[in-house]
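Visitor: Below are the structure tokens for one structure; questions will follow.
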Amino acid sequence: MNTPLVQFLSNSPFLPPALINTIASEFEFKEWEKGELFLKEGKISNEYLFLENGFIRSFVFDIEGNEITLDFFTNNELVFEVSSFFQRIPSQENFETLTPCKGWVLTYEKLNNLFHTLPAFREFGRSVLVKGFSSFKLRTLSLINKTAEERYSMLIKARPEIFQQVPLKYIASYLGVTDSSLSRIRKIFGKK
């Protein structure tokens, strides 16, 4: 079995090669059309997704009913709503496919079984959570201590593929700016 999932798991320093196919065999392949909800607000997240190909965004509605984009996910990334998945509570977020997507899903039950039976997978999971928490913390701080231009610059350097695949209104929302402010920022960067 040589899939992008196997390659992803093989890159982890926590997973010995002898366990890779055992772990990968627990995942189920799935596909989604553009515009589908991988997770809907109010539902309990039950799927831990390795996104092989495509783009997904997570978003919430603010108190005025506007969509606010929280994150983007693309090829070879893990996608799941941490609070809902692990605490078994209804999600406050929506996860929407922005393109056709395909990937490998592990259910909550199967993930927990792997955690309890394979200490190496537990370490892998811990490292995923630490990386995700760190990324979330840095993003939260950037909304406080960085200008919109700095956030734009950071995003375009770290994740340029987003600008080819994601509508600008979602990027503006993610950066915490209006569509017109994003247009102004893009013009400034276009002149550099």
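A note on labels: chains of the structure tokens are A, B, ... as shown, every chain counts residues from 1, and ligands are counted from 1 in their shown order.
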So that I can see what lies close to A:Thr147, please list as a PyMOL selection string the residues with an atom at most 12 Å from it, counting only C-alpha atoms and leaving out residues fewer than 4 positions away in the same chain.

Guide: chain A and resi 141-143+151-154+175-177+181+185

Visitor: Counting only C-alpha atoms, what is within 7 Å of A:Lys34, bar same-chain residues fewer than 3 positions away, as a VMD selection string?

Guide: chain A and resid 97 to 100

Visitor: Neighbouring residues of A:Lys169 were defined as those with any atom within 12 Å, considering only C-alpha atoms; residues of the same chain fewer than 6 positions away were excluded. Please report them as a PDB file with N, CA and C atoms, in the first residue's frame.

Guide:
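Saved as out21.pdb:
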```pdb
ATOM      1  N   ASN A  66     -22.596  36.961   9.880  1.00  0.00           N
ATOM      2  CA  ASN A  66     -21.570  36.942   8.849  1.00  0.00           C
ATOM      3  C   ASN A  66     -20.670  35.726   9.021  1.00  0.00           C
ATOM      4  N   GLU A  67     -20.250  35.143   7.885  1.00  0.00           N
ATOM      5  CA  GLU A  67     -19.314  34.027   7.936  1.00  0.00           C
ATOM      6  C   GLU A  67     -17.907  34.555   8.224  1.00  0.00           C
ATOM      7  N   ILE A  68     -17.238  33.937   9.197  1.00  0.00           N
ATOM      8  CA  ILE A  68     -15.861  34.285   9.528  1.00  0.00           C
ATOM      9  C   ILE A  68     -15.010  33.035   9.328  1.00  0.00           C
ATOM     10  N   THR A  69     -14.068  33.109   8.398  1.00  0.00           N
ATOM     11  CA  THR A  69     -13.203  31.975   8.100  1.00  0.00           C
ATOM     12  C   THR A  69     -12.142  31.840   9.182  1.00  0.00           C
ATOM     13  N   PHE A 163      -3.982  31.398  -2.323  1.00  0.00           N
ATOM     14  CA  PHE A 163      -4.348  32.503  -3.199  1.00  0.00           C
ATOM     15  C   PHE A 163      -4.723  32.041  -4.603  1.00  0.00           C
ATOM     16  N   LEU A 175      -8.158  36.926   7.342  1.00  0.00           N
ATOM     17  CA  LEU A 175      -7.189  37.937   7.770  1.00  0.00           C
ATOM     18  C   LEU A 175      -7.797  38.985   8.700  1.00  0.00           C
ATOM     19  N   GLY A 176      -9.127  38.964   8.837  1.00  0.00           N
ATOM     20  CA  GLY A 176      -9.791  39.922   9.717  1.00  0.00           C
ATOM     21  C   GLY A 176      -9.938  41.296   9.092  1.00  0.00           C
ATOM     22  N   VAL A 177     -10.096  41.332   7.739  1.00  0.00           N
ATOM     23  CA  VAL A 177     -10.248  42.607   7.033  1.00  0.00           C
ATOM     24  C   VAL A 177     -11.459  42.541   6.113  1.00  0.00           C
ATOM     25  N   THR A 178     -11.867  43.697   5.624  1.00  0.00           N
ATOM     26  CA  THR A 178     -12.960  43.741   4.650  1.00  0.00           C
ATOM     27  C   THR A 178     -12.423  43.384   3.273  1.00  0.00           C
ATOM     28  N   ASP A 179     -13.327  43.096   2.346  1.00  0.00           N
ATOM     29  CA  ASP A 179     -12.927  42.802   0.968  1.00  0.00           C
ATOM     30  C   ASP A 179     -12.164  43.979   0.369  1.00  0.00           C
ATOM     31  N   SER A 180     -12.649  45.208   0.618  1.00  0.00           N
ATOM     32  CA  SER A 180     -11.991  46.389   0.049  1.00  0.00           C
ATOM     33  C   SER A 180     -10.608  46.604   0.666  1.00  0.00           C
ATOM     34  N   SER A 181     -10.454  46.313   1.948  1.00  0.00           N
ATOM     35  CA  SER A 181      -9.130  46.427   2.578  1.00  0.00           C
ATOM     36  C   SER A 181      -8.162  45.412   1.973  1.00  0.00           C
ATOM     37  N   LEU A 182      -8.635  44.196   1.714  1.00  0.00           N
ATOM     38  CA  LEU A 182      -7.778  43.196   1.096  1.00  0.00           C
ATOM     39  C   LEU A 182      -7.370  43.644  -0.302  1.00  0.00           C
ATOM     40  N   SER A 183      -8.287  44.227  -1.037  1.00  0.00           N
ATOM     41  CA  SER A 183      -7.974  44.725  -2.369  1.00  0.00           C
ATOM     42  C   SER A 183      -6.876  45.791  -2.299  1.00  0.00           C
TER      43      SER A 183
END
```

Visitor: Counting only C-alpha atoms, which of A:Ser134, A:Thr22, A:Asn76, A:Ser58 gets nearest to A:Ser91?

Guide: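 Of the candidates, the smallest distance to A:Ser91 is held by A:Ser58.
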
Visitor: Mind running stretch 94-146 of chain A against stretch 36-45 of chain A at 12 Å and telling me each contacting residue's nearest atom pair with the distance in Å (one decimal), counting only C-alpha atoms, chain and number ascending, as a tab-separated table?

Guide:
```
residue	atom	partner	partner_atom	distance
A:Asn94	CA	A:Lys40	CA	4.7
A:Phe95	CA	A:Leu39	CA	5.0
A:Glu96	CA	A:Leu37	CA	4.4
A:Thr97	CA	A:Glu36	CA	5.4
A:Leu98	CA	A:Glu36	CA	8.1
A:Thr99	CA	A:Glu36	CA	9.1
A:Pro100	CA	A:Glu36	CA	8.7
A:Cys101	CA	A:Glu36	CA	9.4
A:Lys102	CA	A:Phe38	CA	11.1
A:Gly103	CA	A:Phe38	CA	11.3
A:Val105	CA	A:Phe38	CA	11.0
A:Leu106	CA	A:Ser45	CA	11.3
A:Thr107	CA	A:Ser45	CA	9.2
A:Tyr108	CA	A:Ser45	CA	8.3
A:Glu109	CA	A:Ser45	CA	11.7
```

Visitor: Assign secondary structure with DSSP using the backbone only, and return the residues of chain A in strand (DSSP E) as number ranges by chain.

Guide: A: 28-32, 37-39, 47-53, 56-61, 67-73, 77-79, 94-97, 101-107

Visitor: Among the residues of chain A, find those DSSP assigns to helix (DSSP H, G or I) from the backbone and print them as a count of residues only.

Guide: 94

Visitor: Which of these residues is nearest to A:Thr3, using only C-alpha atoms: A:Ala24, A:Leu114, A:Gly35, A:Ala158?

Guide: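 Result for the nearest residue to A:Thr3: A:Ala24.
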
Visitor: Using atom CA of A:Gln7 and atom CA of A:Asn75 as the two end points, give the distance in Å to one decimal.

Guide: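 Separating atom CA of A:Gln7 from atom CA of A:Asn75 is a distance of 12.4 Å.
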